[in-house]
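Visitor: I'd like to ask some things about the structure below.
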Amino acid sequence: MIKTRFAPSPTGALHIGGVRTALYEYLVAKKGNGTFSLRIEDTDRARIVEGSPEDIIETLNWLGLEVDGEPIFQSKRADIYKEHAKKLVMGEFAYEQDGAIYFKTKKEGKTSIVDLVGNRKIEFDNATQDDFVILKSDGFPTYHLAHVVDDHLMETNPVIRGAEWISSIPKHVMLFEAFGWELPQYAHLPIILGPDKSKLSKRHGAKPASEFRKDGFLPEAILNFMALLGWTPPSGKEILSLSEMISEFDLSDVNIANPIFDITKLEWMNGEYIRRMSDGELTKRLHEFLVDHPAKEKIALVVPLIKERIKKLSDFVPLTDFLWEKLEYDIEVFKKLNIKDQNEILSKIMEKLENMEKPWKNKDFEKTFRGLADELDIKAGDMFQLIRVAVSGQTVTPPLFESIQILGEDKALKRVKEALEFLESTS
RNA sequence: GCCGCGUUCGUCUAGUGGCCUAGGACAUCGGGCUUUCAUCCCGAAAAUCACGGGUUCGACUCCCGUACGCGGUACCA
C-alpha cells in the first residue's frame, strides 16, 4: 500500500514550490491506489503563523489535490514523541543534556540510501555526523524525531520531500535503525529556483499559491505547469490532465537538477487551458473570479469574443470594461491613428450609422464603411480602427462589430457622438 | 571552511556509448491569415552538451579532476 503525505510547516501561506511537492506526493499515491494525507508540522511554536493551516488546506482544495483523512497536527502529538525519545534514552541511543534529548550518532562506517529521484545513491561518512537534538527542552520534538516517528506510525512510503533534507538523511536512517523500524524509501525533490537562480522562497518574493489564484491563473494550469517543472512524461505530452499525470508519473523520471521557475510559460499554458475550455465553463470560471463584476449577466455573451485573447482570467477586465464602464477618451490614442481630419470623418460615420437599418447587420456594417473608406480615399482598416477607438476608447478590443452589438446600437451611437465632442473640445 | 547534490539553446527539457552535423515546448524574430489585438499556420535564430583529462574503434552519454551553482552545517522546518 502506497501512502504519501504532504507535510508543510505552518509558517505562512502555501508556497508555490510546496504545490509541486504536494502534487508529486498526490500523483504517487493515486498511481499506487494509495492515500495522500496532510500533516502540519507545527512543532516550532515561535514560527507558527496564524491562519496558515487554513490557507494550506483551502489552496490544496482549490487545486483539486484532495486529501485523504483528517489533517494531523504534530503539536497534538507531543506525548508520542516524548515517549519515543525516552525509549531511545533507555536503549542508550540517546541522552539528556541541558533539558534536551540528544541522539548519539554512530561514528564509524557510512550511511547511504538510494534516492527514488533519479535512482541514485547518496552516501555519507558517519564520521561527519554529530550528535543532534531530537527532543527540545520545551518538550517538542525536532523535525528529525517527528519525521521518523510519524512517518513510521503513518506507514508513509515513499517519503517525498524537498532536497534540503538530503543532508539529514544519516540522522533519519540512524533513528530508524535505533527504533528497529524498517526504513522507508526516500525521494528528494530538487529545489525550485527563482529567475535569479536563488532559492525560490518567501523571502525572495516567491508568491504564495493563493496569489496566483488572485492573478487569474487556473488550478489545472498551475498543476500542469508545476508537474512539468522537472518532469517530462514518457508520452512527451505538454498539456495533460491530473488523471493523465497520475498514469504517466514516475519519480525515477524526475530531473535531478534544480529548475528555474519561469512564469512566462505558465502564462502560455494558462491561455492554452482557457482556449481549450468550453464557453460555458469559461463563463462559469469568470463568474467565480469576478465576484463584483458590474454586468455579470453579459459575461456569457462576451466570452466567445475574448476566449482567444486572454491568458489569465484577470485579463478579461481591461479588454472588456469599455462595454459597461464609462469611457475616458485620451487624445493620444486618437493621435496614433493613421487618419487625418478625424472630426470630419467621424461625423460622416455617425451619419451613416444613424441611417443604417436596425438591427444592424455585420454585412451592411462592413459594406457601408468599406464604401465610405473608398469614397474618402482612406484604407478600410484605418476606417474601422477609428470607429473602434470612438466606440471603445481603445485600439485593442474584441471584434468591432460584435462588441458594438453587445454595447447596443444606441449606446454605440452615443459613444461616437461623445468621441466627436471630445475631439472638437481638444482641437 | 567542511559535508552533500547538481551542470544540454534565455527558460522547461529529450537524450541511459554509435539513430545527435543534439530533438521538442515556451519566449524572441520574420512571414501568412486578419477591420485592431489575439488565435491559427509557416519559417528563422538560439546549446563548441560547464571546462580539462582519461576509458573506448566511438562519449552529451562511463570514470577522475577543476570551476561554477544549489542545499546543509540550529533546542527551524
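If you're wondering about the labels, chains in the C-alpha cells are A, B, ... by order shown, residues count from 1 in each chain, ligands from 1 in order shown.
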Hey, list the chain B side of the contact with chain A: 12 Å cut-off, only C-alpha atoms (C1' of nucleotides), answer as a ChimeraX atom specification.

Guide: /B:2-8,10-14,16,23-27,34-40,69-77

Visitor: Got time to write the residues from that selection, C-alpha atoms (C1' of nucleotides), as a PDB file, in the first residue's frame?

Guide:
ATOM      1  C1'   C B   2      33.531  21.200   5.874  1.00  0.00           C
ATOM      2  C1'   C B   3      29.644  17.683   4.042  1.00  0.00           C
ATOM      3  C1'   G B   4      26.112  16.519   0.138  1.00  0.00           C
ATOM      4  C1'   C B   5      23.857  17.217  -4.648  1.00  0.00           C
ATOM      5  C1'   G B   6      23.926  19.131  -9.452  1.00  0.00           C
ATOM      6  C1'   U B   7      25.756  21.409 -14.584  1.00  0.00           C
ATOM      7  C1'   U B   8      22.337  20.064 -22.669  1.00  0.00           C
ATOM      8  C1'   G B  10      17.437  32.783 -22.479  1.00  0.00           C
ATOM      9  C1'   U B  11      13.826  29.141 -19.719  1.00  0.00           C
ATOM     10  C1'   C B  12      11.485  23.929 -19.062  1.00  0.00           C
ATOM     11  C1'   U B  13      13.525  19.746 -21.144  1.00  0.00           C
ATOM     12  C1'   A B  14      14.567  14.903 -24.834  1.00  0.00           C
ATOM     13  C1'   U B  16      20.974   5.635 -20.453  1.00  0.00           C
ATOM     14  C1'   G B  23      15.062  16.821 -30.898  1.00  0.00           C
ATOM     15  C1'   G B  24      10.544  19.335 -28.706  1.00  0.00           C
ATOM     16  C1'   A B  25       7.991  23.314 -25.891  1.00  0.00           C
ATOM     17  C1'   C B  26       7.884  28.499 -24.034  1.00  0.00           C
ATOM     18  C1'   A B  27       9.972  33.139 -25.051  1.00  0.00           C
ATOM     19  C1'   U B  34      -6.926  39.108 -40.461  1.00  0.00           C
ATOM     20  C1'   U B  35     -11.239  45.695 -39.970  1.00  0.00           C
ATOM     21  C1'   U B  36      -7.303  46.136 -34.246  1.00  0.00           C
ATOM     22  C1'   C B  37      -5.301  42.698 -30.834  1.00  0.00           C
ATOM     23  C1'   A B  38      -5.128  37.762 -30.317  1.00  0.00           C
ATOM     24  C1'   U B  39      -5.795  32.765 -32.075  1.00  0.00           C
ATOM     25  C1'   C B  40      -4.115  29.681 -36.025  1.00  0.00           C
ATOM     26  C1'   G B  69      25.559  26.799  -8.802  1.00  0.00           C
ATOM     27  C1'   C B  70      22.369  24.963  -5.071  1.00  0.00           C
ATOM     28  C1'   G B  71      21.420  22.681  -0.313  1.00  0.00           C
ATOM     29  C1'   G B  72      23.068  21.545   4.687  1.00  0.00           C
ATOM     30  C1'   U B  73      26.256  22.747   8.619  1.00  0.00           C
ATOM     31  C1'   A B  74      20.239  25.389  14.684  1.00  0.00           C
ATOM     32  C1'   C B  75      16.986  23.006  21.166  1.00  0.00           C
ATOM     33  C1'   C B  76      13.881  25.941  12.267  1.00  0.00           C
ATOM     34  C1'   A B  77      11.401  23.087   9.375  1.00  0.00           C
TER      35        A B  77
END

Visitor: As number ranges by chain, please: every residue in range 79-228 of chain A that a backbone DSSP assignment puts in strand (DSSP E or B).

Guide: A: 94-97, 100-103, 110-115, 120-125, 132-135, 141, 157, 159-162, 186-189, 193, 199, 208

Visitor: Quote the spacing between CA of Gly51 in chain A and CA of Ala187 in chain A in Å to one decimal place.

Guide: 29.1 Å

Visitor: Find the spatial neighbours of A44 in chain B, counting only C-alpha atoms (C1' of nucleotides), within a cut-off of 10 Å - ignore same-chain residues fewer than 2 positions away - and output them as a compact mmCIF listing (two decimals) with C-alpha atoms (C1' of nucleotides), in the first residue's frame.

Guide:
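Printed below is around.txt as written:
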# COMPACT_ATOMS: atom_id res chain seq x y z
C1' C B 29 12.48 37.45 -34.54
C1' G B 30 10.42 37.09 -39.70
C1' A B 46 19.30 30.07 -30.45

Visitor: Identify all residues of range 178-324 of chain A in alpha helix (DSSP H) (DSSP on the backbone) and supply them as an NGL selection string.

Guide: :A and (178-179 or 209-214 or 219-228 or 242-248 or 263-276 or 279-289 or 296-306 or 316-320)

Visitor: Env of U55 in chain B: 12 Å cut, atoms = only C-alpha atoms (C1' of nucleotides), seq-sep filter 5 positions within chain, self excluded. Answer as a compact mmCIF listing (two decimals) with C-alpha atoms (C1' of nucleotides), in the first residue's frame.

Guide:
# COMPACT_ATOMS: atom_id res chain seq x y z
C1' G B 17 28.05 4.52 -25.93
C1' C B 62 31.12 5.86 -18.30
C1' C B 63 35.48 7.41 -14.73
C1' C B 64 38.64 11.31 -12.41

Visitor: Report the distance between CA of Glu402 in chain A and CA of Met356 in chain A in Å, rounded to one decimal place.

Guide: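 Going from CA of Glu402 in chain A over to CA of Met356 in chain A covers 16.2 Å.
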
Visitor: Using CA of Glu177 in chain A and CA of Tyr26 in chain A as the two end points, give the distance in Å to one decimal.

Guide: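 Calculated distance between CA of Glu177 in chain A and CA of Tyr26 in chain A is 27.8 Å.
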
Visitor: Taking only C-alpha atoms into account, name the residue in A:Leu175, A:Ala146, A:Ser314, A:Ile406 that is nearest to Lys82 in chain A.

Guide: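 So, comparing all the options, the nearest one is A:Ala146.
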
Visitor: Can you pull out every residue within 12 Å of Glu421 in chain A, counting only C-alpha atoms (C1' of nucleotides), but drop anything in the same chain fewer than 2 positions away, and send it as a list in words?

Guide: Tyr329, Ile331, Gln342, Asn343, Glu344, Leu346, Ser347, Ala390, Lys414, Arg415, Val416, Lys417, Glu418, Ala419, Leu423, Glu424, Ser425, Thr426 and Ser427 of chain A

Visitor: Take the residues that were just selected and, keeping C-alpha atoms, output them as an mmCIF file, in the first residue's frame.

Guide:
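out.cif, freshly written:
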data_model
loop_
_atom_site.group_PDB
_atom_site.id
_atom_site.type_symbol
_atom_site.label_atom_id
_atom_site.label_comp_id
_atom_site.auth_asym_id
_atom_site.auth_seq_id
_atom_site.Cartn_x
_atom_site.Cartn_y
_atom_site.Cartn_z
ATOM 1 C CA TYR A 329 -11.108 59.333 -24.075
ATOM 2 C CA ILE A 331 -6.232 62.285 -27.244
ATOM 3 C CA GLN A 342 -10.884 62.732 -37.742
ATOM 4 C CA ASN A 343 -13.686 65.121 -36.793
ATOM 5 C CA GLU A 344 -14.959 65.293 -40.305
ATOM 6 C CA LEU A 346 -16.346 60.803 -37.564
ATOM 7 C CA SER A 347 -19.357 62.925 -38.343
ATOM 8 C CA ALA A 390 -14.533 56.085 -30.956
ATOM 9 C CA LYS A 414 -23.831 57.790 -28.301
ATOM 10 C CA ARG A 415 -20.188 56.823 -27.980
ATOM 11 C CA VAL A 416 -19.401 58.052 -31.478
ATOM 12 C CA LYS A 417 -21.097 61.298 -30.646
ATOM 13 C CA GLU A 418 -19.140 61.630 -27.441
ATOM 14 C CA ALA A 419 -15.933 60.916 -29.289
ATOM 15 C CA LEU A 423 -12.233 65.715 -30.459
ATOM 16 C CA GLU A 424 -13.874 69.060 -31.032
ATOM 17 C CA SER A 425 -13.166 70.129 -27.490
ATOM 18 C CA THR A 426 -9.483 69.350 -27.782
ATOM 19 C CA SER A 427 -8.790 70.900 -31.142
#
